[in-house]
Amino acid sequence: MIDGPPWGRHPVLGTFRMSNTNSQISNSGLIRFLPFLGLALAVLALGLSIALACKHEGLCTGGTGCLIGDVDGCAELGKSEHSKFAGIHIAWLGVFYYAMIALLFGGLIARARSAGDDAKQSGGLLTLLVAAVVFGFVFDLFLAYVNFTVLEVPCLFCLYTYLCQAGILAVAGFLYYRANQSEGAAGLGDLLAGLKGGWWAPVGALSITLLTVIALPGFAGGDEHAGHNHGGSVDQTIHNQLASPERREQLLRELRAFNQRPISTAGLTNYEGEDSAFIILHKWADFRCPHCLHAHELIRTAQQRWPGRIKVYYRHFPLDSTCNPLVGRDGGGFSCNGSQAALCAPQNIFGDFYHGVFQFQNSRIAISPDQLRRLNETLGGNWSAMVNCMGSAATQRKLLRDINEAEAINVQSTPTLVLEGHVLPPGTPRPEFFLGVMDALVIEKEGDAAIQDFQLRRGTPQP
């Protein structure tokens, strides 16, 4: 029979029997090991949360561990409204939470190793730990739902923290069960004792979080990937420099080695660029495809780099069987909504409308009729006319033309670009290659005048 107060068992190391003068500890190797496992999982999750906060703040741009294809899901999450709570990136809350959990596990280990440990205080600390872990687990269930059902590309670092959290819950739950299997569940008084005796854990966690906020920019500054965005934005050095003559010749040879499939532009109304433009680019894309958004941003950079020289025909290949017979999955009609609306946007607002629909991705907004109406009306469009157009047979024929021509050139994925009749490899082109090819095509056509124009607009003469 176990004598003593309600917490007359050591909550970490197992059962001990109390006498008036001493206690005898009886425990297993597993019970001794579990708090260390919980501490290790909490420290791992803390490191992941710091890395995620670094990415969300734009300080870390390497894609290691986060890439799905060539899309950095962790960075994509940081751009969305779902990454914040009360204006603060949720990753920082994760830093605080896992730091506190690590400190609580460390406190239990320290108390267990102390000969003069107060068992009631240890029990209160364990109760506080379990309460915090259960709260964190429930919160993670909500975050996991958003990560895997709302986001286009899941955040892998988030997934790793969920796995750590599940392990922490199992460890804390088992320790709690062992600590209460003889005396019954701990009550509110034990939680209050834990809050009173464990005040140092949240204070310490807050200190760790603040120190991380202060120190992170300095550590991140040494990131070998700094200045590069694997999602498709362009390094400023690349943006401000022309490809060398030797490099331009090489890039033109590479471009012209790709399969050539001349494409008619007759009757196409979804385009952007001057009629005098001499570089013709077709882009097949889906509005909900992150790769397509990155390619879209890269193309806009090229247009700004060489204004008036590039004409882009925006072609549609929605990854949704609702309107695309070549696709075997149901996307809920959102991609089809975007394609049909873009096909119906009048030319005077087409560019802004097309770009606006793509920006829905950054805000994680569904391409719903309500959102399309708001965008259309913001740009001064006629929503009634657009709705009638979207459901018309003429619009379906335009969409099927894009889909059928995509099939003819063997489009297997989005985005697919056809530059000057040459089909580029699927996916977002490397910025160095794509912008270098544009340099080569423009300078091949205009000669030194193009170089002088570029230098004048950049305000930095080329060596």
# chains A, B, ... in the order shown; residues from 1 in each chain; ligands from 1
$ residues_around --residues "region 383-390 of chain A" --least-positions-apart "5" --cutoff "7 Å" --atoms "only C-alpha atoms" --output "PDB file with C-alpha atoms, in the first residue's frame"
ATOM      1  CA  GLN A 340     -13.028  31.584 -68.142  1.00  0.00           C
ATOM      2  CA  ALA A 341     -12.975  34.972 -66.411  1.00  0.00           C
ATOM      3  CA  CYS A 344     -13.759  37.294 -70.841  1.00  0.00           C
ATOM      4  CA  ALA A 345     -11.791  40.241 -69.447  1.00  0.00           C
ATOM      5  CA  ARG A 373     -16.574  40.001 -59.076  1.00  0.00           C
ATOM      6  CA  ASN A 376     -13.544  42.934 -61.858  1.00  0.00           C
ATOM      7  CA  GLU A 377     -15.418  45.804 -60.255  1.00  0.00           C
ATOM      8  CA  THR A 395     -15.670  31.154 -74.328  1.00  0.00           C
TER       9      THR A 395
END
$ residues_around --residues "region 160-176 of chain A" --least-positions-apart "2" --cutoff "6 Å" --atoms "only C-alpha atoms" --output "list in words"
Gly38, Leu41, Ala45, Val130, Phe157, Cys158, Arg178 and Ala179 of chain A
$ write_last_selection --atoms "N, CA and C atoms" --output "PDB file, in the first residue's frame"
ATOM      1  N   GLY A  38      11.425  13.279 -24.594  1.00  0.00           N
ATOM      2  CA  GLY A  38      10.552  14.443 -24.729  1.00  0.00           C
ATOM      3  C   GLY A  38      11.348  15.722 -24.901  1.00  0.00           C
ATOM      4  N   LEU A  41      12.777  15.841 -28.492  1.00  0.00           N
ATOM      5  CA  LEU A  41      11.739  16.186 -29.474  1.00  0.00           C
ATOM      6  C   LEU A  41      11.384  17.670 -29.402  1.00  0.00           C
ATOM      7  N   ALA A  45      11.837  20.356 -32.399  1.00  0.00           N
ATOM      8  CA  ALA A  45      10.722  21.186 -32.861  1.00  0.00           C
ATOM      9  C   ALA A  45      11.045  22.669 -32.697  1.00  0.00           C
ATOM     10  N   VAL A 130       1.600  18.571 -19.205  1.00  0.00           N
ATOM     11  CA  VAL A 130       0.560  17.852 -19.952  1.00  0.00           C
ATOM     12  C   VAL A 130      -0.516  18.822 -20.447  1.00  0.00           C
ATOM     13  N   PHE A 157       8.178  21.900 -43.106  1.00  0.00           N
ATOM     14  CA  PHE A 157       8.675  22.133 -41.747  1.00  0.00           C
ATOM     15  C   PHE A 157       7.525  22.054 -40.739  1.00  0.00           C
ATOM     16  N   CYS A 158       6.352  22.540 -41.142  1.00  0.00           N
ATOM     17  CA  CYS A 158       5.178  22.446 -40.270  1.00  0.00           C
ATOM     18  C   CYS A 158       4.844  20.986 -39.998  1.00  0.00           C
ATOM     19  N   ARG A 178       1.500   7.065 -15.725  1.00  0.00           N
ATOM     20  CA  ARG A 178       2.258   6.323 -14.722  1.00  0.00           C
ATOM     21  C   ARG A 178       2.237   7.030 -13.372  1.00  0.00           C
ATOM     22  N   ALA A 179       2.252   8.365 -13.413  1.00  0.00           N
ATOM     23  CA  ALA A 179       2.272   9.119 -12.162  1.00  0.00           C
ATOM     24  C   ALA A 179       0.934   9.061 -11.437  1.00  0.00           C
TER      25      ALA A 179
END
$ residues_around --residues "Glu254 (chain A)" --least-positions-apart "5" --cutoff "10 Å" --atoms "only C-alpha atoms" --output "PyMOL selection string"
chain A and resi 248-249+424+433+437
$ select_by_dssp --residues "region 314-364 of chain A" --states "helix (DSSP H, G or I)" --output "list in words"
Phe334, Ser335, Cys336, Asn337, Gly338, Ser339, Gln340, Ala341, Ala342, Leu343, Cys344, Gln347, Asn348, Ile349, Phe350, Gly351, Asp352, Phe353, Tyr354, His355, Gly356, Val357, Phe358, Gln359, Phe360, Gln361, Asn362 and Ser363 of chain A
$ write_last_selection --atoms "C-alpha atoms" --output "compact mmCIF listing (two decimals), in the first residue's frame"
# COMPACT_ATOMS: atom_id res chain seq x y z
CA PHE A 334 -11.74 27.18 -59.22
CA SER A 335 -9.10 26.91 -61.95
CA CYS A 336 -11.86 26.87 -64.56
CA ASN A 337 -13.41 30.00 -63.02
CA GLY A 338 -10.13 31.84 -63.40
CA SER A 339 -9.52 30.75 -67.00
CA GLN A 340 -13.03 31.58 -68.14
CA ALA A 341 -12.98 34.97 -66.41
CA ALA A 342 -9.60 35.88 -67.92
CA LEU A 343 -10.84 34.92 -71.38
CA CYS A 344 -13.76 37.29 -70.84
CA GLN A 347 -8.47 44.17 -73.28
CA ASN A 348 -8.43 47.50 -71.41
CA ILE A 349 -8.33 45.68 -68.05
CA PHE A 350 -7.06 42.27 -69.13
CA GLY A 351 -3.47 42.65 -67.91
CA ASP A 352 -4.43 43.88 -64.45
CA PHE A 353 -7.21 41.31 -64.19
CA TYR A 354 -4.96 38.41 -65.18
CA HIS A 355 -2.24 39.45 -62.74
CA GLY A 356 -4.88 40.01 -60.04
CA VAL A 357 -6.22 36.46 -60.33
CA PHE A 358 -2.70 35.09 -59.93
CA GLN A 359 -2.22 37.21 -56.82
CA PHE A 360 -5.09 35.30 -55.20
CA GLN A 361 -2.45 32.66 -54.52
CA ASN A 362 -0.39 34.99 -52.33
CA SER A 363 -3.46 35.78 -50.23
$ residues_around --residues "region 204-216 of chain A" --least-positions-apart "2" --cutoff "9 Å" --atoms "only C-alpha atoms" --output "list in words"
Ile50, Cys54, Leu59, Trp92, Leu93, Val95, Phe96, Tyr97, Tyr98, Ala99, Met100, Ile101, Ala102, Leu103, Trp199, Trp200, Ala201, Pro202, Gly218, Phe219, Ala220 and Gly221 of chain A
$ write_last_selection --atoms "N, CA and C atoms" --output "CSV table (one decimal), in the first residue's frame"
chain,number,residue,atom,x,y,z
A,50,ILE,N,12.3,27.8,-35.3
A,50,ILE,CA,13.2,29.0,-35.6
A,50,ILE,C,13.5,29.1,-37.1
A,54,CYS,N,12.4,32.2,-39.5
A,54,CYS,CA,13.5,32.8,-40.4
A,54,CYS,C,13.0,32.9,-41.8
A,59,LEU,N,14.3,36.2,-44.0
A,59,LEU,CA,15.7,36.2,-43.6
A,59,LEU,C,16.5,35.0,-44.2
A,92,TRP,N,6.7,32.2,-34.7
A,92,TRP,CA,7.2,32.7,-33.4
A,92,TRP,C,6.5,32.2,-32.2
A,93,LEU,N,5.2,31.9,-32.3
A,93,LEU,CA,4.5,31.3,-31.2
A,93,LEU,C,5.0,29.9,-31.0
A,95,VAL,N,8.1,29.0,-31.6
A,95,VAL,CA,9.4,29.1,-30.9
A,95,VAL,C,9.1,29.2,-29.4
A,96,PHE,N,8.2,30.1,-29.0
A,96,PHE,CA,7.9,30.2,-27.6
A,96,PHE,C,7.4,28.9,-27.0
A,97,TYR,N,6.4,28.3,-27.7
A,97,TYR,CA,5.8,27.1,-27.1
A,97,TYR,C,6.8,25.9,-26.9
A,98,TYR,N,7.6,25.7,-28.0
A,98,TYR,CA,8.5,24.5,-27.8
A,98,TYR,C,9.7,24.8,-26.9
A,99,ALA,N,10.1,26.1,-26.8
A,99,ALA,CA,11.1,26.5,-25.8
A,99,ALA,C,10.5,26.2,-24.4
A,100,MET,N,9.2,26.5,-24.1
A,100,MET,CA,8.6,26.3,-22.8
A,100,MET,C,8.5,24.8,-22.6
A,101,ILE,N,8.1,24.0,-23.6
A,101,ILE,CA,8.0,22.5,-23.4
A,101,ILE,C,9.4,21.9,-23.1
A,102,ALA,N,10.4,22.4,-23.8
A,102,ALA,CA,11.8,21.9,-23.5
A,102,ALA,C,12.2,22.2,-22.1
A,103,LEU,N,11.9,23.5,-21.6
A,103,LEU,CA,12.3,23.9,-20.3
A,103,LEU,C,11.5,23.0,-19.2
A,199,TRP,N,6.7,28.9,-12.9
A,199,TRP,CA,6.6,30.2,-13.6
A,199,TRP,C,7.8,30.5,-14.4
A,200,TRP,N,8.9,29.9,-14.1
A,200,TRP,CA,10.2,30.2,-14.8
A,200,TRP,C,10.1,29.6,-16.2
A,201,ALA,N,9.3,28.6,-16.5
A,201,ALA,CA,9.3,28.1,-17.8
A,201,ALA,C,8.8,29.0,-18.9
A,202,PRO,N,7.6,29.7,-18.7
A,202,PRO,CA,7.1,30.6,-19.7
A,202,PRO,C,8.0,31.9,-19.8
A,218,GLY,N,21.4,38.3,-37.7
A,218,GLY,CA,22.8,38.2,-37.9
A,218,GLY,C,23.2,36.8,-38.4
A,219,PHE,N,22.6,35.8,-37.8
A,219,PHE,CA,22.9,34.4,-38.3
A,219,PHE,C,22.5,34.2,-39.7
A,220,ALA,N,21.3,34.7,-40.0
A,220,ALA,CA,20.7,34.5,-41.4
A,220,ALA,C,21.5,35.2,-42.4
A,221,GLY,N,22.1,36.3,-42.0
A,221,GLY,CA,22.9,37.1,-43.0
A,221,GLY,C,24.0,36.3,-43.7
$ closest_residue --among "A:Ala112, A:Ala40, A:Leu319, A:Ala302" --to "Asn240 (chain A)" --atoms "only C-alpha atoms"
A:Ala302
$ residues_around --residues "region 281-289 of chain A" --least-positions-apart "4" --cutoff "6 Å" --atoms "only C-alpha atoms" --output "MDAnalysis selection string"
chainID A and resid 312:318 335 358 414:419
$ atom_distance --atom1 "CA of Arg300 (chain A)" --atom2 "CA of Leu456 (chain A)"
19.9 Å
$ closest_residue --among "A:Leu192, A:Ala91, A:Leu34, A:Val203" --to "Cys155 (chain A)" --atoms "only C-alpha atoms"
A:Ala91
$ atom_distance --atom1 "CA of Glu420 (chain A)" --atom2 "CA of Gln452 (chain A)"
24.0 Å
